[in-house]
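Single-structure report; data block below.
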Amino acid sequence: MLPAASRRQTILRLALPIIAGMLSQSLINLIDAAMVGSLGEVPLAGVGIGGYAMFMVTALLFGLSSGVQAQTARRHGEEAWGRRAVPLNAGLLIALATALPITLLCLWQAPRLLALINQDPAVNAVAVEYFRWRVVSLIAVAMIFCFRGYWNGIQQTGIYLRIILAMHAINVAASLTLIFGYFGLPAMGPAGAGAGTTLSLFAGLGIWALLSARHARSSGFLGGLPRRATFTTTLRLATPHSFQQLWFAAGYAVLFWILGQIDTRSVAVGHVLVNLSLLLILPGVGLGMAAMSLVGQALGREAHQDAHRWGWEVVHLAWLCLAVLALPMALFPELVLGLFLHDPALIDLGRLPLQLTALMIVLDAAALVLAQALLGAGANRTVMTTTLGLQWLLFLPLAWWVGVGLEQGLMGIWWVQLGYRCLNSAWFAMIWQRRRWQSLKI
């Protein structure tokens with residue numbers, strides 16, 4: 001067994017490129033919004049709505065990444081070198097078979113889908129055009145999930161970061177050219193941002209495919225049609241995670257609806273608080289994805305005690321990392337809120353909820369890491385039922401009852417959320433300690 005210092009170095013070597021890549025990935029919609037912002041508020045709102053719709057659609061396929069990564073890590077731990085990329089082959093075929101009909105359906109039903117999110121005709125027209133350009137890239141996104149899962153599963157996480165940075169460079173250049181019509185091309189306006197992002201995603205897919213063709217052939221990449229059992233396992237692992245991501249995202253839509261029942265001020269402040277928390281938990285998610293690989297590989301070696309220890313060691317690092325990130329929000333809430341809000345009354349409303357958010361982020365570390373570690377063990381259904389059960393059956397009903405029914409407003413909802421986050425982490429810690437996940441086969 002590795003000494004403690006070496007184990008921490010292993011965790012950070014795997015996690016830091018994932019964290020950097022995820023932070024960079026989260027900027028895609030912000031980059032599009034920044035470039036479109038000069039065109040006015042209607043184009044900016046349309047791009048925002050279209051980007052959220054794309055996020056919801058993408059969630060349908062997100063589980064492919066964890067499904068491929070869990071199997072790849074297990075084969076890597078078993079030292080089955082020639083079969084490590086077989087789950088990747090299955091994932092790519094599933095990605096093509098599912099993403100293509102979803103893309104066609106979204107292209108056809110885009111106006112109806114966007115009308116569910118926004119009813120302003122002018123904004124909706126921009127959103128539909130932008131979304132249609134973006135959804136063309138769904139096949140590329142789904143396949144990139146699969147490639148990312150494979151390379152993360154064999155602990156080559158730095159490749160993900162390098163490719164995502166190249167994609168961003170292509171995105172900025174292509175989007176600027178298409179939005180404003182440089183080099184003699186017609187100016188597409190907001191639609192150009194969607195087209196540029198789609199172009200960058202297909203370019204990224206090409207880079208992933210070339211890299212894998214060069215270096216993963218010995219692991220079975222494109223070595224033949226996978227067996228039915230591999231397809232079944234990939235779908236069994238991917239479906240609960242995708243379902244979880246979709247309804248988890250929908251839960252935030254319900255939260256904003258609840259805030260809307262209070263007043264517009266609560267919606268504005270809640271929007272800032274939620275987006276800050278979603279951004280700052282990314283390091284925890286990145287560390288969790290490192291735990292997914294480490295746990296899967298340890299189980300492949302049948303080193304059950306080692307797998308259990310990896311989970312807690314990553315949690316300890318996540319606590320430290322998230323505490324450092326949350327400290328400015330806890331100590332200087334007015335300064336942090338002042339970056340986004342300019343009305344003193346809104347800043348005052350959000351001050352204590354932001355400090356509670358800082359505490360939530362730290363308390364959530366165990367859930368963030370251990371949920372990903374359980375995915376590495378193949379306990380995808382357990383993660384789904386726990387996450388969605390606590391969110392939809394406990395947090396959201398209590399948030400409505402306390403915030404709206406008892407008229408405690410934003411502050412009451414954030415106290416409920418603090419309790420929910422505590423229970424969430426405690427529940428995942430209990431599941432991890434029971435160790436039933438150690439007997440799962442992948």
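In the structure tokens, the first chain shown is A, the next is B, and so on; residue numbers restart at 1 for each chain, and ligands run from 1 in the order shown.
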
Could you name the residues that touch Ile139 in chain A at 8 Å or less, counting only C-alpha atoms, but leaving out those on the same chain fewer than 2 positions away, as a ChimeraX atom specification?
-> /A:95-96,99-100,103,136-137,141-143

Keeping only C-alpha atoms, take the residues you just selected and write them out as a PDB file, in the first residue's frame.
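Generated output (again01.pdb):
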ATOM      1  CA  ALA A  95     -23.981   7.405 -28.190  1.00  0.00           C
ATOM      2  CA  LEU A  96     -24.635   7.315 -31.923  1.00  0.00           C
ATOM      3  CA  ALA A  99     -28.023  10.972 -29.783  1.00  0.00           C
ATOM      4  CA  LEU A 100     -29.140  10.871 -33.424  1.00  0.00           C
ATOM      5  CA  THR A 103     -31.115  15.458 -32.149  1.00  0.00           C
ATOM      6  CA  VAL A 136     -26.524  19.446 -33.889  1.00  0.00           C
ATOM      7  CA  SER A 137     -23.430  18.788 -31.758  1.00  0.00           C
ATOM      8  CA  VAL A 141     -20.926  15.654 -27.044  1.00  0.00           C
ATOM      9  CA  ALA A 142     -22.102  12.087 -26.337  1.00  0.00           C
ATOM     10  CA  MET A 143     -19.034  10.554 -27.960  1.00  0.00           C
TER      11      MET A 143
END

Which of range 111-342 of chain A counts as alpha helix (DSSP H) under DSSP, as number ranges by chain please?
-> A: 111-115, 121-135, 138-153, 158-180, 190-215, 228-260, 264-280, 282-300, 304-331, 333-338

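CA of Arg236 in chain A to CA of Gln109 in chain A spans 28.4 Å [interatomic distance, one decimal].
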
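Every protein, DNA or RNA residue with an atom at most 12 Å from Phe55 in chain A, where only C-alpha atoms count and chain neighbours fewer than 2 positions away do not, is listed here: Gln25, Ser26, Ile28, Asn29, Gly48, Ile49, Gly50, Gly51, Tyr52, Ala53, Val57, Thr58, Ala59, Leu60, Leu61, Phe62, Phe131, Arg134, Val135, Leu138, Val141, Gln245, Leu246, Trp247, Phe248, Ala249 and Ala250 of chain A.
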
Keeping C-alpha atoms for every residue in the selection just given, could you write it to a file as a PDB file, in the first residue's frame?
ATOM      1  CA  GLN A  25     -16.039  23.436 -19.673  1.00  0.00           C
ATOM      2  CA  SER A  26     -18.400  25.451 -17.500  1.00  0.00           C
ATOM      3  CA  ILE A  28     -18.667  27.503 -22.751  1.00  0.00           C
ATOM      4  CA  ASN A  29     -22.070  29.123 -22.221  1.00  0.00           C
ATOM      5  CA  GLY A  48     -28.999  32.004 -22.149  1.00  0.00           C
ATOM      6  CA  ILE A  49     -32.307  30.180 -22.606  1.00  0.00           C
ATOM      7  CA  GLY A  50     -30.964  28.109 -25.498  1.00  0.00           C
ATOM      8  CA  GLY A  51     -27.867  27.176 -23.490  1.00  0.00           C
ATOM      9  CA  TYR A  52     -29.977  25.973 -20.549  1.00  0.00           C
ATOM     10  CA  ALA A  53     -32.128  23.871 -22.910  1.00  0.00           C
ATOM     11  CA  VAL A  57     -30.775  17.665 -23.331  1.00  0.00           C
ATOM     12  CA  THR A  58     -27.105  16.857 -22.724  1.00  0.00           C
ATOM     13  CA  ALA A  59     -28.002  15.478 -19.283  1.00  0.00           C
ATOM     14  CA  LEU A  60     -29.833  12.627 -21.053  1.00  0.00           C
ATOM     15  CA  LEU A  61     -26.463  11.267 -22.201  1.00  0.00           C
ATOM     16  CA  PHE A  62     -24.177  12.310 -19.358  1.00  0.00           C
ATOM     17  CA  PHE A 131     -30.453  25.909 -29.717  1.00  0.00           C
ATOM     18  CA  ARG A 134     -26.098  23.739 -30.611  1.00  0.00           C
ATOM     19  CA  VAL A 135     -28.141  20.525 -30.604  1.00  0.00           C
ATOM     20  CA  LEU A 138     -25.226  16.318 -29.456  1.00  0.00           C
ATOM     21  CA  VAL A 141     -20.926  15.654 -27.044  1.00  0.00           C
ATOM     22  CA  GLN A 245     -28.507  14.331 -13.897  1.00  0.00           C
ATOM     23  CA  LEU A 246     -31.662  15.238 -15.831  1.00  0.00           C
ATOM     24  CA  TRP A 247     -33.923  15.343 -12.780  1.00  0.00           C
ATOM     25  CA  PHE A 248     -31.259  16.961 -10.617  1.00  0.00           C
ATOM     26  CA  ALA A 249     -31.123  19.816 -13.134  1.00  0.00           C
ATOM     27  CA  ALA A 250     -34.929  19.924 -13.249  1.00  0.00           C
TER      28      ALA A 250
END

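Interatomic distance, CA of Ala73 in chain A to CA of Ala298 in chain A: 8.6 Å.
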
note - CA of Gly67 in chain A and CA of Arg301 in chain A are separated by 18.9 Å

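When only C-alpha atoms are used to measure the gap to Val285 in chain A, the shortest distance among A:Val267, A:Ile18, A:His241, A:Val47 belongs to A:Ile18.
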
Excluding Val68 in chain A and residues on its chain fewer than 6 positions from it, collect all residues at most 8 Å away from it, counting only C-alpha atoms, and give them as a PDB file with N, CA and C atoms, in the first residue's frame.
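Contents of result.pdb, freshly written:
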ATOM      1  N   PRO A  87     -15.358  -1.239 -23.456  1.00  0.00           N
ATOM      2  CA  PRO A  87     -16.498  -0.404 -23.045  1.00  0.00           C
ATOM      3  C   PRO A  87     -16.591   0.905 -23.842  1.00  0.00           C
ATOM      4  N   LEU A  88     -15.454   1.442 -24.258  1.00  0.00           N
ATOM      5  CA  LEU A  88     -15.465   2.650 -25.084  1.00  0.00           C
ATOM      6  C   LEU A  88     -16.155   2.374 -26.413  1.00  0.00           C
ATOM      7  N   GLY A  91     -19.811   2.236 -25.750  1.00  0.00           N
ATOM      8  CA  GLY A  91     -20.330   3.563 -25.455  1.00  0.00           C
ATOM      9  C   GLY A  91     -20.504   4.410 -26.702  1.00  0.00           C
ATOM     10  N   CYS A 146     -17.807   9.584 -23.824  1.00  0.00           N
ATOM     11  CA  CYS A 146     -17.257   8.228 -23.829  1.00  0.00           C
ATOM     12  C   CYS A 146     -15.730   8.248 -23.845  1.00  0.00           C
ATOM     13  N   GLY A 149     -14.419   9.274 -20.491  1.00  0.00           N
ATOM     14  CA  GLY A 149     -14.522   8.198 -19.524  1.00  0.00           C
ATOM     15  C   GLY A 149     -13.405   7.186 -19.666  1.00  0.00           C
ATOM     16  N   TYR A 150     -13.042   6.854 -20.923  1.00  0.00           N
ATOM     17  CA  TYR A 150     -11.962   5.881 -21.139  1.00  0.00           C
ATOM     18  C   TYR A 150     -10.628   6.414 -20.628  1.00  0.00           C
ATOM     19  N   GLY A 153     -10.424   6.712 -17.009  1.00  0.00           N
ATOM     20  CA  GLY A 153     -10.404   5.390 -16.395  1.00  0.00           C
ATOM     21  C   GLY A 153      -9.030   4.761 -16.346  1.00  0.00           C
ATOM     22  N   THR A 234     -23.012  -1.344 -19.971  1.00  0.00           N
ATOM     23  CA  THR A 234     -22.857   0.095 -20.204  1.00  0.00           C
ATOM     24  C   THR A 234     -24.182   0.820 -20.029  1.00  0.00           C
TER      25      THR A 234
END

Looking at A:Val274, A:Ala20, A:Ala345, A:Ala366, which one is nearest to Leu255 in chain A, with distances taken over only C-alpha atoms?
-> A:Val274

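Within 10 Å of His76 in chain A, once only C-alpha atoms are used and residues closer than 4 positions along the same chain are dropped, the contacting residues are Ala70, Gln71, Thr72, Ala80, Trp81, Gly82, Arg83, Arg84, Ala85, Gly153, Ile154, Gln155, Ser219, Ser293, Gly296, Gln297, Ala298, Gly300 and Arg301 of chain A.
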
Writer output for current selection, N, CA and C atoms, as an mmCIF file, in the first residue's frame:
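Written out: part_31.cif:
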data_model
loop_
_atom_site.group_PDB
_atom_site.id
_atom_site.type_symbol
_atom_site.label_atom_id
_atom_site.label_comp_id
_atom_site.auth_asym_id
_atom_site.auth_seq_id
_atom_site.Cartn_x
_atom_site.Cartn_y
_atom_site.Cartn_z
ATOM 1 N N ALA A 70 -16.190 3.595 -15.346
ATOM 2 C CA ALA A 70 -16.228 2.552 -14.313
ATOM 3 C C ALA A 70 -15.723 1.221 -14.862
ATOM 4 N N GLN A 71 -16.172 0.852 -16.057
ATOM 5 C CA GLN A 71 -15.735 -0.414 -16.651
ATOM 6 C C GLN A 71 -14.259 -0.380 -17.031
ATOM 7 N N THR A 72 -13.815 0.737 -17.591
ATOM 8 C CA THR A 72 -12.415 0.854 -18.000
ATOM 9 C C THR A 72 -11.494 0.756 -16.788
ATOM 10 N N ALA A 80 -6.350 -6.320 -17.477
ATOM 11 C CA ALA A 80 -6.858 -6.873 -18.740
ATOM 12 C C ALA A 80 -6.595 -5.838 -19.830
ATOM 13 N N TRP A 81 -5.321 -5.661 -20.181
ATOM 14 C CA TRP A 81 -4.912 -4.550 -21.040
ATOM 15 C C TRP A 81 -5.597 -4.561 -22.399
ATOM 16 N N GLY A 82 -5.831 -5.726 -22.960
ATOM 17 C CA GLY A 82 -6.418 -5.803 -24.297
ATOM 18 C C GLY A 82 -7.917 -5.554 -24.328
ATOM 19 N N ARG A 83 -8.578 -5.414 -23.158
ATOM 20 C CA ARG A 83 -10.031 -5.232 -23.105
ATOM 21 C C ARG A 83 -10.435 -3.894 -22.492
ATOM 22 N N ARG A 84 -9.453 -3.045 -22.199
ATOM 23 C CA ARG A 84 -9.792 -1.787 -21.522
ATOM 24 C C ARG A 84 -10.678 -0.879 -22.361
ATOM 25 N N ALA A 85 -10.493 -0.892 -23.694
ATOM 26 C CA ALA A 85 -11.254 0.016 -24.562
ATOM 27 C C ALA A 85 -12.540 -0.601 -25.102
ATOM 28 N N GLY A 153 -10.424 6.712 -17.009
ATOM 29 C CA GLY A 153 -10.404 5.390 -16.395
ATOM 30 C C GLY A 153 -9.030 4.761 -16.346
ATOM 31 N N ILE A 154 -8.148 5.130 -17.290
ATOM 32 C CA ILE A 154 -6.773 4.601 -17.270
ATOM 33 C C ILE A 154 -5.809 5.630 -16.684
ATOM 34 N N GLN A 155 -6.348 6.624 -15.981
ATOM 35 C CA GLN A 155 -5.585 7.629 -15.243
ATOM 36 C C GLN A 155 -4.808 8.597 -16.139
ATOM 37 N N SER A 219 -5.519 -1.655 -26.695
ATOM 38 C CA SER A 219 -6.486 -1.911 -25.633
ATOM 39 C C SER A 219 -7.841 -2.352 -26.170
ATOM 40 N N SER A 293 -12.107 6.456 -10.565
ATOM 41 C CA SER A 293 -11.074 5.626 -11.195
ATOM 42 C C SER A 293 -10.302 4.814 -10.160
ATOM 43 N N GLY A 296 -12.485 2.006 -8.728
ATOM 44 C CA GLY A 296 -12.712 0.969 -9.730
ATOM 45 C C GLY A 296 -11.482 0.105 -9.965
ATOM 46 N N GLN A 297 -10.320 0.730 -10.016
ATOM 47 C CA GLN A 297 -9.091 -0.031 -10.230
ATOM 48 C C GLN A 297 -8.758 -0.905 -9.024
ATOM 49 N N ALA A 298 -8.979 -0.395 -7.817
ATOM 50 C CA ALA A 298 -8.723 -1.194 -6.615
ATOM 51 C C ALA A 298 -9.653 -2.408 -6.563
ATOM 52 N N GLY A 300 -10.894 -3.857 -9.159
ATOM 53 C CA GLY A 300 -10.413 -4.769 -10.195
ATOM 54 C C GLY A 300 -9.281 -5.652 -9.695
ATOM 55 N N ARG A 301 -8.476 -5.110 -8.777
ATOM 56 C CA ARG A 301 -7.391 -5.896 -8.154
ATOM 57 C C ARG A 301 -7.899 -6.718 -6.975
#
